[in-house]
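Quick look at start32.cif (mmCIF, C-alpha atoms):
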```
data_model
loop_
_atom_site.label_atom_id
_atom_site.label_comp_id
_atom_site.auth_asym_id
_atom_site.auth_seq_id
_atom_site.Cartn_x
_atom_site.Cartn_y
_atom_site.Cartn_z
CA MET A 1 102.52 10.07 -209.18
CA SER A 2 99.15 11.54 -210.18
CA LEU A 3 96.23 9.27 -210.97
CA LYS A 4 95.45 8.76 -214.65
CA ILE A 5 91.92 9.74 -215.66
CA LEU A 6 90.12 9.08 -218.94
CA ILE A 7 87.13 11.18 -219.96
CA ALA A 8 85.17 9.75 -222.91
CA SER A 9 82.51 11.99 -224.43
CA PHE A 10 80.93 12.20 -227.87
CA GLY A 11 81.38 15.99 -227.71
CA PHE A 12 84.18 18.18 -226.43
CA TYR A 13 85.67 21.65 -226.82
CA PRO A 14 85.57 23.57 -229.15
CA GLU A 15 82.00 22.24 -229.60
CA THR A 16 79.53 24.25 -227.53
CA HIS A 17 76.58 21.94 -226.80
CA GLY A 18 75.86 20.93 -223.21
CA ILE A 19 77.62 17.54 -223.16
CA ALA A 20 80.74 19.02 -224.74
CA GLN A 21 80.84 21.85 -222.21
CA ALA A 22 80.32 19.52 -219.26
CA ALA A 23 83.07 17.11 -220.35
CA TYR A 24 85.46 20.01 -221.03
CA GLN A 25 84.85 21.69 -217.67
CA GLN A 26 85.25 18.36 -215.87
CA ALA A 27 88.55 17.72 -217.65
CA MET A 28 89.90 21.21 -216.96
CA GLY A 29 88.84 21.11 -213.32
CA LEU A 30 90.53 17.76 -212.67
CA HIS A 31 93.62 18.89 -214.58
CA ARG A 32 93.91 21.93 -212.29
CA LEU A 33 93.69 19.58 -209.31
CA GLY A 34 96.76 17.71 -210.55
CA TYR A 35 95.33 14.65 -212.30
CA SER A 36 96.75 13.26 -215.54
CA ILE A 37 93.90 13.69 -218.04
CA THR A 38 93.24 12.01 -221.38
CA VAL A 39 90.10 12.71 -223.40
CA VAL A 40 88.65 10.56 -226.18
CA THR A 41 85.94 12.14 -228.29
CA GLN A 42 84.56 12.54 -231.81
CA VAL A 43 85.37 16.25 -231.99
CA SER A 44 85.55 17.39 -235.60
CA GLU A 45 88.45 19.80 -235.10
CA GLN A 46 91.44 19.39 -232.83
CA PRO A 47 91.11 21.54 -229.68
CA TYR A 48 93.68 24.27 -229.30
CA GLY A 49 95.28 25.39 -226.05
CA VAL A 50 94.13 22.28 -224.15
CA PRO A 51 96.78 21.20 -221.59
CA PHE A 52 96.21 17.43 -221.96
CA GLU A 53 95.91 14.78 -224.65
CA VAL A 54 92.71 14.70 -226.72
CA ILE A 55 92.20 11.66 -228.94
CA ALA A 56 89.71 12.47 -231.71
CA LEU A 57 87.92 9.60 -233.44
CA PRO A 58 86.04 10.05 -236.75
CA LEU A 59 82.69 8.88 -235.39
CA SER A 60 79.22 10.37 -235.69
CA PRO A 61 77.14 11.28 -232.60
CA SER A 62 74.95 8.19 -232.77
CA ARG A 63 74.19 5.32 -230.43
CA LEU A 64 76.44 2.96 -232.38
CA PRO A 65 78.93 3.56 -235.21
CA LYS A 66 77.51 3.64 -238.71
CA PHE A 67 78.44 0.89 -241.16
CA ASP A 68 81.48 2.75 -242.48
CA GLU A 69 82.60 3.54 -238.91
CA ILE A 70 82.66 -0.02 -237.53
CA GLU A 71 86.45 -0.31 -237.72
CA VAL A 72 86.84 3.00 -235.89
CA GLY A 73 84.55 1.66 -233.18
CA LYS A 74 86.76 -1.42 -232.85
CA THR A 75 89.78 0.87 -232.54
CA TYR A 76 88.05 2.66 -229.63
CA GLN A 77 87.35 -0.66 -227.92
CA GLN A 78 90.93 -1.82 -228.40
CA PHE A 79 92.19 1.46 -226.95
CA LEU A 80 90.06 0.91 -223.85
CA LYS A 81 91.25 -2.69 -223.41
CA GLU A 82 94.92 -1.72 -223.77
CA SER A 83 94.72 1.40 -221.60
CA ASN A 84 95.82 1.62 -218.00
CA PHE A 85 93.70 4.35 -216.41
CA ASP A 86 92.82 4.53 -212.74
CA VAL A 87 89.31 5.93 -213.32
CA LEU A 88 87.38 6.17 -216.58
CA PHE A 89 84.38 8.51 -217.00
CA PHE A 90 81.95 7.66 -219.81
CA HIS A 91 79.55 10.51 -220.59
CA CYS A 92 75.95 9.70 -221.57
CA TRP A 93 73.71 6.74 -222.04
CA GLU A 94 72.76 5.61 -225.54
CA SER A 95 75.91 6.92 -227.23
CA TRP A 96 78.83 5.06 -228.79
CA VAL A 97 80.95 6.18 -225.83
CA SER A 98 79.11 3.93 -223.40
CA GLU A 99 77.48 1.42 -225.78
CA LEU A 100 80.83 0.23 -227.19
CA ALA A 101 82.30 0.04 -223.69
CA LEU A 102 79.50 -2.11 -222.24
CA PRO A 103 80.43 -5.47 -223.83
CA ILE A 104 84.12 -5.14 -222.83
CA LEU A 105 83.85 -3.56 -219.37
CA ASN A 106 85.39 -6.60 -217.69
CA GLN A 107 88.41 -6.26 -219.97
CA ILE A 108 89.05 -2.62 -219.07
CA GLN A 109 91.38 -1.79 -216.20
CA GLY A 110 90.42 0.88 -213.67
CA LYS A 111 87.10 1.95 -212.19
CA LYS A 112 84.41 2.59 -214.80
CA VAL A 113 81.99 5.46 -214.13
CA LEU A 114 78.93 6.33 -216.23
CA VAL A 115 78.22 10.07 -216.09
CA SER A 116 74.55 10.42 -216.90
CA HIS A 117 73.11 13.49 -218.59
CA GLY A 118 69.61 12.10 -218.36
CA THR A 119 67.66 9.45 -220.22
CA THR A 120 65.46 9.50 -223.30
CA ILE A 121 64.13 5.93 -223.32
CA HIS A 122 60.80 7.05 -221.83
CA LEU A 123 60.69 10.46 -223.52
CA ARG A 124 57.43 10.90 -225.41
CA TYR A 125 56.67 13.97 -227.49
CA PRO A 126 53.08 14.81 -228.49
CA GLY A 127 51.73 13.40 -231.73
CA ILE A 128 52.29 10.27 -233.82
CA LYS A 129 56.03 10.86 -234.25
CA GLY A 130 56.40 11.05 -230.50
CA TRP A 131 54.66 7.71 -230.05
CA LEU A 132 56.76 6.09 -232.79
CA ARG A 133 59.96 7.31 -231.13
CA TRP A 134 58.73 5.95 -227.80
CA LEU A 135 58.03 2.56 -229.38
CA ARG A 136 61.50 2.44 -230.98
CA ASN A 137 62.99 2.96 -227.52
CA ARG A 138 61.20 -0.02 -225.94
CA PRO A 139 64.11 -2.49 -226.46
CA ALA A 140 66.51 -0.02 -224.83
CA ALA A 141 64.07 0.47 -221.95
CA TRP A 142 63.78 -3.29 -221.37
CA GLN A 143 67.58 -3.63 -221.21
CA PHE A 144 68.19 -0.60 -219.05
CA SER A 145 68.34 -2.37 -215.68
CA LYS A 146 71.29 -4.44 -216.91
CA LYS A 147 73.18 -1.26 -217.77
CA LEU A 148 72.56 0.05 -214.25
CA THR A 149 74.49 -2.90 -212.84
CA ALA A 150 77.27 -2.99 -215.45
CA PHE A 151 79.44 0.00 -214.53
CA ASP A 152 81.28 0.34 -211.25
CA TYR A 153 79.71 3.67 -210.40
CA TYR A 154 77.23 6.26 -211.67
CA VAL A 155 76.96 10.04 -211.54
CA PHE A 156 73.51 11.59 -211.84
CA LEU A 157 72.74 15.30 -212.22
CA SER A 158 69.78 15.41 -209.85
CA GLU A 159 67.64 13.26 -207.56
CA LYS A 160 64.43 14.68 -209.07
CA PRO A 161 62.20 11.67 -209.93
CA ASP A 162 61.33 12.71 -213.48
CA ARG A 163 60.35 9.57 -215.43
CA GLN A 164 60.91 11.06 -218.86
CA ARG A 165 64.44 12.42 -218.43
CA LEU A 166 65.73 11.17 -215.06
CA PHE A 167 64.53 7.59 -215.15
CA ASP A 168 68.02 6.28 -214.28
CA VAL A 169 67.77 7.82 -210.81
CA ILE A 170 64.32 6.31 -210.29
CA GLN A 171 65.44 2.87 -211.45
CA ALA A 172 68.68 2.91 -209.42
CA LYS A 173 66.70 3.54 -206.25
CA ARG A 174 64.11 0.96 -207.25
CA LEU A 175 66.88 -1.63 -207.63
CA GLY A 176 68.32 -0.66 -204.25
CA LEU A 177 71.65 0.51 -205.69
CA HIS A 178 73.98 2.73 -203.68
CA ASN A 179 76.94 3.09 -206.03
CA PHE A 180 76.00 6.52 -207.32
CA SER A 181 76.50 10.19 -206.51
CA ILE A 182 74.61 13.35 -207.39
CA ILE A 183 77.01 15.79 -209.03
CA PRO A 184 75.34 18.62 -211.00
CA ASN A 185 76.63 20.57 -213.97
CA GLY A 186 77.81 24.15 -213.57
CA ALA A 187 77.38 27.58 -215.11
CA HIS A 188 79.90 28.91 -217.59
CA PRO A 189 82.74 30.48 -215.55
CA SER A 190 82.69 33.76 -217.47
CA PHE A 191 79.03 34.38 -216.58
CA PHE A 192 79.90 35.07 -212.95
CA GLN A 193 81.45 38.36 -214.11
CA GLN A 194 79.74 41.40 -215.57
CA SER A 195 79.82 41.59 -219.36
CA ASN A 196 82.06 44.17 -221.01
CA THR A 197 79.72 44.39 -224.02
CA ASP A 198 76.60 46.57 -224.18
CA PHE A 199 74.09 44.35 -225.96
CA TRP A 200 71.73 47.23 -226.70
CA VAL A 201 74.40 49.36 -228.34
CA LYS A 202 76.11 46.59 -230.27
CA PHE A 203 72.89 45.42 -231.93
CA GLY A 204 71.22 48.82 -232.19
CA LEU A 205 68.22 47.94 -230.05
CA LYS A 206 66.03 50.44 -228.26
CA LYS A 207 66.18 49.79 -224.53
CA ALA A 208 63.17 48.01 -223.04
CA ARG A 209 62.42 45.12 -220.76
CA MET A 210 63.93 42.06 -222.40
CA LEU A 211 62.66 38.49 -222.31
CA LEU A 212 65.55 36.25 -223.35
CA CYS A 213 65.46 32.69 -224.67
CA VAL A 214 68.68 30.86 -225.61
CA GLY A 215 68.58 27.44 -227.27
CA ASN A 216 68.83 25.72 -230.64
CA PHE A 217 65.94 26.51 -232.95
CA SER A 218 63.90 23.32 -232.79
CA ARG A 219 60.34 22.20 -232.13
CA GLU A 220 61.35 20.54 -228.88
CA LYS A 221 62.54 23.86 -227.43
CA GLY A 222 59.05 25.35 -227.69
CA GLN A 223 60.02 28.67 -229.29
CA ARG A 224 56.87 28.69 -231.42
CA GLU A 225 54.68 28.53 -228.32
CA LEU A 226 56.77 31.19 -226.63
CA ILE A 227 56.36 33.56 -229.56
CA LYS A 228 52.63 32.88 -229.80
CA TRP A 229 52.09 33.57 -226.09
CA PHE A 230 54.20 36.71 -226.19
CA ILE A 231 52.12 38.07 -229.07
CA GLU A 232 48.89 37.24 -227.22
CA ILE A 233 50.07 39.05 -224.09
CA SER A 234 51.86 41.90 -225.93
CA PRO A 235 53.41 43.38 -222.77
CA LYS A 236 54.22 47.08 -223.12
CA ASP A 237 57.83 48.25 -223.43
CA THR A 238 59.01 44.64 -223.67
CA ILE A 239 60.91 42.76 -226.36
CA LEU A 240 61.50 39.06 -226.90
CA VAL A 241 65.01 37.98 -227.97
CA LEU A 242 65.67 34.42 -229.14
CA ILE A 243 69.25 33.26 -229.70
CA GLY A 244 70.07 29.97 -231.44
CA SER A 245 73.15 28.27 -232.83
CA HIS A 246 72.09 28.70 -236.47
CA PHE A 247 69.00 29.43 -238.53
CA ASN A 248 67.20 26.46 -240.08
CA ASP A 249 63.80 25.44 -241.43
CA TYR A 250 62.26 25.77 -237.99
CA SER A 251 63.56 29.32 -237.50
CA ASN A 252 62.13 30.20 -240.92
CA HIS A 253 58.80 28.90 -239.65
CA LEU A 254 59.19 31.07 -236.56
CA LYS A 255 59.83 34.16 -238.67
CA LYS A 256 56.59 33.59 -240.55
CA ALA A 257 54.74 33.23 -237.24
CA ILE A 258 56.27 36.49 -235.99
CA GLY A 259 55.27 38.38 -239.12
CA GLU A 260 55.51 42.17 -238.96
CA ARG A 261 56.76 42.05 -235.37
CA LEU A 262 60.10 40.62 -236.52
CA ASN A 263 62.88 43.07 -235.64
CA THR A 264 60.31 45.32 -234.02
CA ASN A 265 59.68 43.70 -230.66
CA ILE A 266 60.71 40.11 -231.45
CA PHE A 267 64.30 39.44 -232.51
CA LEU A 268 66.04 36.28 -233.68
CA PHE A 269 69.84 35.89 -233.63
CA GLU A 270 72.14 33.07 -234.76
CA LYS A 271 75.81 32.16 -234.33
CA LEU A 272 76.51 34.77 -231.67
CA PRO A 273 79.88 34.42 -229.92
CA LEU A 274 79.87 33.64 -226.23
CA GLU A 275 80.65 37.23 -225.23
CA ASP A 276 77.53 38.49 -227.04
CA ILE A 277 75.34 35.81 -225.47
CA HIS A 278 76.77 36.77 -222.09
CA ALA A 279 75.94 40.40 -222.82
CA ALA A 280 72.36 39.41 -223.66
CA TYR A 281 72.00 37.66 -220.30
CA CYS A 282 73.29 40.74 -218.51
CA ALA A 283 70.89 43.01 -220.41
CA ALA A 284 67.80 40.82 -219.97
CA THR A 285 64.98 41.29 -217.50
CA LEU A 286 63.88 37.66 -217.44
CA PHE A 287 64.92 34.39 -219.04
CA VAL A 288 61.97 32.49 -220.51
CA SER A 289 61.68 28.98 -221.92
CA ALA A 290 58.78 26.84 -223.10
CA THR A 291 60.99 23.83 -223.82
CA PHE A 292 59.20 20.48 -223.82
CA THR A 293 62.12 18.45 -222.50
CA GLU A 294 65.26 19.16 -220.49
CA VAL A 295 67.33 17.60 -217.74
CA GLN A 296 69.39 20.33 -216.09
CA PRO A 297 69.87 22.91 -218.86
CA LEU A 298 73.12 24.87 -218.87
CA VAL A 299 71.31 27.94 -220.22
CA LEU A 300 69.42 28.18 -216.92
CA LEU A 301 72.57 27.66 -214.85
CA ASP A 302 74.13 30.52 -216.84
CA ALA A 303 71.13 32.68 -216.01
CA MET A 304 71.62 31.88 -212.33
CA ALA A 305 75.30 32.88 -212.53
CA VAL A 306 74.30 36.27 -213.94
CA GLY A 307 71.56 36.70 -211.33
CA LEU A 308 68.86 36.58 -214.00
CA PRO A 309 65.55 35.03 -212.84
CA PHE A 310 63.86 32.61 -215.20
CA LEU A 311 60.42 31.29 -216.06
CA CYS A 312 60.52 27.81 -217.54
CA ARG A 313 58.22 24.91 -218.26
CA ASP A 314 58.30 22.34 -215.44
CA VAL A 315 60.50 19.68 -217.06
CA GLY A 316 63.41 17.56 -215.87
CA ALA A 317 65.13 18.95 -212.79
CA VAL A 318 64.29 22.60 -213.53
CA SER A 319 61.96 22.97 -210.53
CA THR A 320 64.86 22.13 -208.18
CA LEU A 321 66.92 25.11 -209.36
CA ALA A 322 66.90 28.26 -207.24
CA GLY A 323 65.94 31.48 -208.97
CA SER A 324 63.15 29.91 -210.96
CA LEU A 325 59.43 29.82 -211.44
CA CYS A 326 57.95 26.88 -213.34
CA PHE A 327 54.72 26.67 -215.30
CA LYS A 328 52.71 23.74 -216.63
CA ASP A 329 50.56 25.37 -219.33
CA LYS A 330 49.92 28.54 -221.31
CA ASN A 331 47.58 30.12 -218.78
CA GLU A 332 50.03 29.66 -215.94
CA PHE A 333 52.84 31.08 -218.07
CA LYS A 334 50.82 34.19 -218.88
CA LEU A 335 49.86 34.72 -215.25
CA LEU A 336 53.39 34.31 -213.89
CA LEU A 337 54.97 36.41 -216.63
CA THR A 338 52.54 39.26 -216.03
CA GLN A 339 53.23 39.16 -212.30
CA LEU A 340 57.00 39.11 -212.75
CA LEU A 341 57.00 42.01 -215.22
CA ARG A 342 54.83 44.11 -212.92
CA ASN A 343 56.87 43.46 -209.76
CA PRO A 344 60.64 44.05 -209.93
CA SER A 345 61.20 43.14 -206.28
CA PRO A 346 60.26 39.43 -206.65
CA ARG A 347 62.34 39.29 -209.83
CA GLN A 348 65.33 40.58 -207.92
CA ASN A 349 64.77 38.09 -205.11
CA PHE A 350 64.63 35.17 -207.53
CA GLY A 351 67.75 36.42 -209.27
CA ASN A 352 69.65 36.73 -205.99
CA LYS A 353 68.66 33.22 -204.92
CA GLY A 354 69.82 31.84 -208.26
CA LYS A 355 73.16 33.63 -208.05
CA THR A 356 73.78 32.31 -204.54
CA ALA A 357 73.02 28.76 -205.66
CA ALA A 358 75.28 29.12 -208.70
CA LEU A 359 78.16 30.24 -206.48
CA THR A 360 77.68 27.56 -203.84
CA ILE A 361 76.43 24.54 -205.84
CA TYR A 362 76.61 24.97 -209.63
CA HIS A 363 80.20 26.20 -209.82
CA TRP A 364 82.75 24.15 -211.75
CA ASP A 365 85.50 24.60 -209.14
CA LEU A 366 83.24 23.03 -206.51
CA ILE A 367 82.09 20.36 -208.94
CA ALA A 368 85.71 19.42 -209.69
CA LYS A 369 86.27 18.86 -205.98
CA SER A 370 83.22 16.60 -205.87
CA TYR A 371 84.76 14.55 -208.67
CA GLN A 372 88.06 14.56 -206.79
CA SER A 373 86.33 13.08 -203.72
CA LEU A 374 84.71 10.44 -205.93
CA ILE A 375 88.05 9.53 -207.53
CA GLN A 376 89.65 9.17 -204.11
CA GLN A 377 86.78 6.96 -202.96
CA LEU A 378 86.95 4.74 -206.05
CA SER A 379 90.75 4.48 -206.14
CA SER A 380 90.80 3.19 -202.56
CA ALA A 381 87.98 0.65 -203.05
CA PRO A 382 88.76 -2.99 -203.97
CA ASN A 383 87.78 -3.92 -207.50
CA ASN A 384 85.13 -6.41 -206.41
CA THR A 385 83.44 -4.35 -203.68
CA GLN A 386 82.82 -0.84 -204.93
CA LYS A 387 79.35 -1.65 -206.38
CA ASN A 388 78.04 -2.48 -202.93
CA THR A 389 79.66 0.41 -201.09
#
```

Translate this file's structure into structure tokens.
Amino acid sequence: MSLKILIASFGFYPETHGIAQAAYQQAMGLHRLGYSITVVTQVSEQPYGVPFEVIALPLSPSRLPKFDEIEVGKTYQQFLKESNFDVLFFHCWESWVSELALPILNQIQGKKVLVSHGTTIHLRYPGIKGWLRWLRNRPAAWQFSKKLTAFDYYVFLSEKPDRQRLFDVIQAKRLGLHNFSIIPNGAHPSFFQQSNTDFWVKFGLKKARMLLCVGNFSREKGQRELIKWFIEISPKDTILVLIGSHFNDYSNHLKKAIGERLNTNIFLFEKLPLEDIHAAYCAATLFVSATFTEVQPLVLLDAMAVGLPFLCRDVGAVSTLAGSLCFKDKNEFKLLLTQLLRNPSPRQNFGNKGKTAALTIYHWDLIAKSYQSLIQQLSSAPNNTQKNT
């Protein structure tokens, strides 16, 4: 009889953000390995074509349920207490998925695993708003050590000691804990193949060297800085393409900053299907990002799968990824970008290294086997000893 696995995540397929993709790929990988999978999530529309049970709860993606969602939160807790799973994976700190589970962990059967996608309790953006957010997170920061001893086991994305986004790894080592594993996320499976779509033809663009940036249009992603630096450099025969989920007030601000260059050598796209985004990766010369905060961004793993080198701000675990160059400020970005555009051979070398790493480390089939090994380890450990293993 196959082991019963629960995967709890505030996002899941058909949503496309990083947490949803990671939870979906984990579920599919373990299903293919023969495990009995159940997913509980807040997905707004029922997934189609998913070969296991998905329980959708009408909850918002917040730390705790809103006032009118309290009863739904209690239903989730009751479901956990009455369930009989062998291993339960809770995705993310500071979400209702883990926060509602914490006070009842001792009442839940099976081994409880927190799958971390990074921390935000020490994240501090520039400016007054950044400081206010940091201050609001102080209570959560003071209580964090207790959370690191509450679950049976932890999964971290990287061992990089980044205080702003990977503080859980730092604190786990500081506390002398050993009940954790490093299991990264993976690239989208389709990106390991060549695209069947010609991005240039489909969108009527004149062929040139393409700098590609994929990410939601938001201040934190640094697109304004990227556009400003591109205009200052103005590299010949080069275009900048930015792809986001949907246009918003920030993208309108970006369009004003672009001015007459919009749809000339700087292009903004929204709501592109996955096949078109894949085609953009395959057509690009270099992936660029000036994001202010990341952990282990899937957009960079996708670039690695395609063999596309990338230039990204040194945040989170980005510097540990093969196929990359990292920068700390505008001057370093300009210098590295100029060098990469002038020298195709180093670009190719970086791209090859990234592709190799994607195939051998950041591949969901391999990641599923890592989770399989963890499940086997946990299912054979006594209930009162696994934390000290």

Top pick for closest residue to Val299 (chain A), considering A:Ile233, A:Cys92, A:Cys213, A:Ile266 and counting all atoms listed in the file: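 Answer, going by the shortest atom-to-atom distance: A:Cys213.
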
One number please: CA of Arg342 (chain A) to CA of Lys355 (chain A), in Å, one decimal.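 Those two atoms sit 21.7 Å apart.
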
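Using all atoms listed in the file, the shortest contact distance between Ile183 (chain A) and any of A:Asp302, A:Glu159, A:Glu332, A:Glu260 is found at A:Glu159.
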
Which residues, named as in the file, does the PyMOL selection byres ((chain A and resi 68-79) around 9) pick out? Answer as a list in words.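 So the PyMOL selection byres ((chain A and resi 68-79) around 9) ends up selecting Val40, Leu57, Pro58, Leu59, Ser60, Leu64, Pro65, Lys66, Phe67, Leu80, Lys81, Glu82, Ser83, Trp96, Val97, Leu100, Ala101 and Ile104 of chain A.
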
Given all atoms listed in the file, how would the per-residue table for region 129-189 of chain A near region 365-386 of chain A read, listing every residue at most 12 Å away with its closest atom pair and distance in Å to one decimal, sorted by chain and number, as JSON lines?
```
{"residue": "A:Thr149", "atom": "CA", "partner": "A:Gln386", "partner_atom": "CA", "distance": 11.7}
{"residue": "A:Phe151", "atom": "CA", "partner": "A:Gln386", "partner_atom": "CA", "distance": 10.2}
{"residue": "A:Asp152", "atom": "CA", "partner": "A:Gln386", "partner_atom": "CA", "distance": 6.6}
{"residue": "A:Tyr153", "atom": "CA", "partner": "A:Gln386", "partner_atom": "CA", "distance": 7.7}
{"residue": "A:Tyr154", "atom": "CA", "partner": "A:Leu374", "partner_atom": "CA", "distance": 10.3}
{"residue": "A:Val155", "atom": "CA", "partner": "A:Tyr371", "partner_atom": "CA", "distance": 9.5}
{"residue": "A:Leu157", "atom": "CA", "partner": "A:Ile367", "partner_atom": "CA", "distance": 11.1}
{"residue": "A:Leu177", "atom": "CA", "partner": "A:Gln386", "partner_atom": "CA", "distance": 11.3}
{"residue": "A:His178", "atom": "CA", "partner": "A:Gln386", "partner_atom": "CA", "distance": 9.6}
{"residue": "A:Asn179", "atom": "CA", "partner": "A:Gln386", "partner_atom": "CA", "distance": 7.2}
{"residue": "A:Phe180", "atom": "CA", "partner": "A:Leu374", "partner_atom": "CA", "distance": 9.7}
{"residue": "A:Ser181", "atom": "CA", "partner": "A:Leu374", "partner_atom": "CA", "distance": 8.2}
{"residue": "A:Ile182", "atom": "CA", "partner": "A:Ser370", "partner_atom": "CA", "distance": 9.3}
{"residue": "A:Ile183", "atom": "CA", "partner": "A:Ile367", "partner_atom": "CA", "distance": 6.8}
{"residue": "A:Pro184", "atom": "CA", "partner": "A:Ile367", "partner_atom": "CA", "distance": 7.3}
{"residue": "A:Asn185", "atom": "CA", "partner": "A:Ile367", "partner_atom": "CA", "distance": 7.4}
{"residue": "A:Gly186", "atom": "CA", "partner": "A:Ile367", "partner_atom": "CA", "distance": 7.4}
{"residue": "A:Ala187", "atom": "CA", "partner": "A:Asp365", "partner_atom": "CA", "distance": 10.5}
{"residue": "A:His188", "atom": "CA", "partner": "A:Asp365", "partner_atom": "CA", "distance": 11.0}
{"residue": "A:Pro189", "atom": "CA", "partner": "A:Asp365", "partner_atom": "CA", "distance": 9.1}
```

Expand the PyMOL selection byres ((chain A and resi 119-127) around 12) into the explicit residue set it covers here, and present it as a ChimeraX atom specification. /A:91-95,115-118,128-144,156-157,161-171,219-222,291-296,315-316

Between CA of Leu272 (chain A) and CA of Ser190 (chain A), what distance in Å does the model show, to one decimal?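 Result for CA of Leu272 (chain A) versus CA of Ser190 (chain A): 15.5 Å, one decimal.
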
The residue from A:Lys236, A:Gly49, A:Phe191, A:Lys160 with the smallest atom-to-atom distance to Ser319 (chain A), counting only C-alpha atoms, is A:Lys160

At the level of C-alpha atoms, write region 96-110 of chain A to a file as an mmCIF file, in the first residue's frame, please.
```cif
data_model
loop_
_atom_site.group_PDB
_atom_site.id
_atom_site.type_symbol
_atom_site.label_atom_id
_atom_site.label_comp_id
_atom_site.auth_asym_id
_atom_site.auth_seq_id
_atom_site.Cartn_x
_atom_site.Cartn_y
_atom_site.Cartn_z
ATOM 1 C CA TRP A 96 -2.321 30.318 6.768
ATOM 2 C CA VAL A 97 -1.055 26.917 5.604
ATOM 3 C CA SER A 98 1.601 26.755 8.314
ATOM 4 C CA GLU A 99 0.274 29.323 10.817
ATOM 5 C CA LEU A 100 -3.006 27.443 11.365
ATOM 6 C CA ALA A 101 -1.138 24.143 11.634
ATOM 7 C CA LEU A 102 1.323 25.341 14.300
ATOM 8 C CA PRO A 103 -1.022 25.342 17.330
ATOM 9 C CA ILE A 104 -2.355 21.838 16.541
ATOM 10 C CA LEU A 105 0.795 20.064 15.331
ATOM 11 C CA ASN A 106 0.730 17.622 18.236
ATOM 12 C CA GLN A 107 -2.798 16.624 17.253
ATOM 13 C CA ILE A 108 -1.888 15.813 13.649
ATOM 14 C CA GLN A 109 -0.857 12.287 12.736
ATOM 15 C CA GLY A 110 2.137 11.692 10.466
#
```
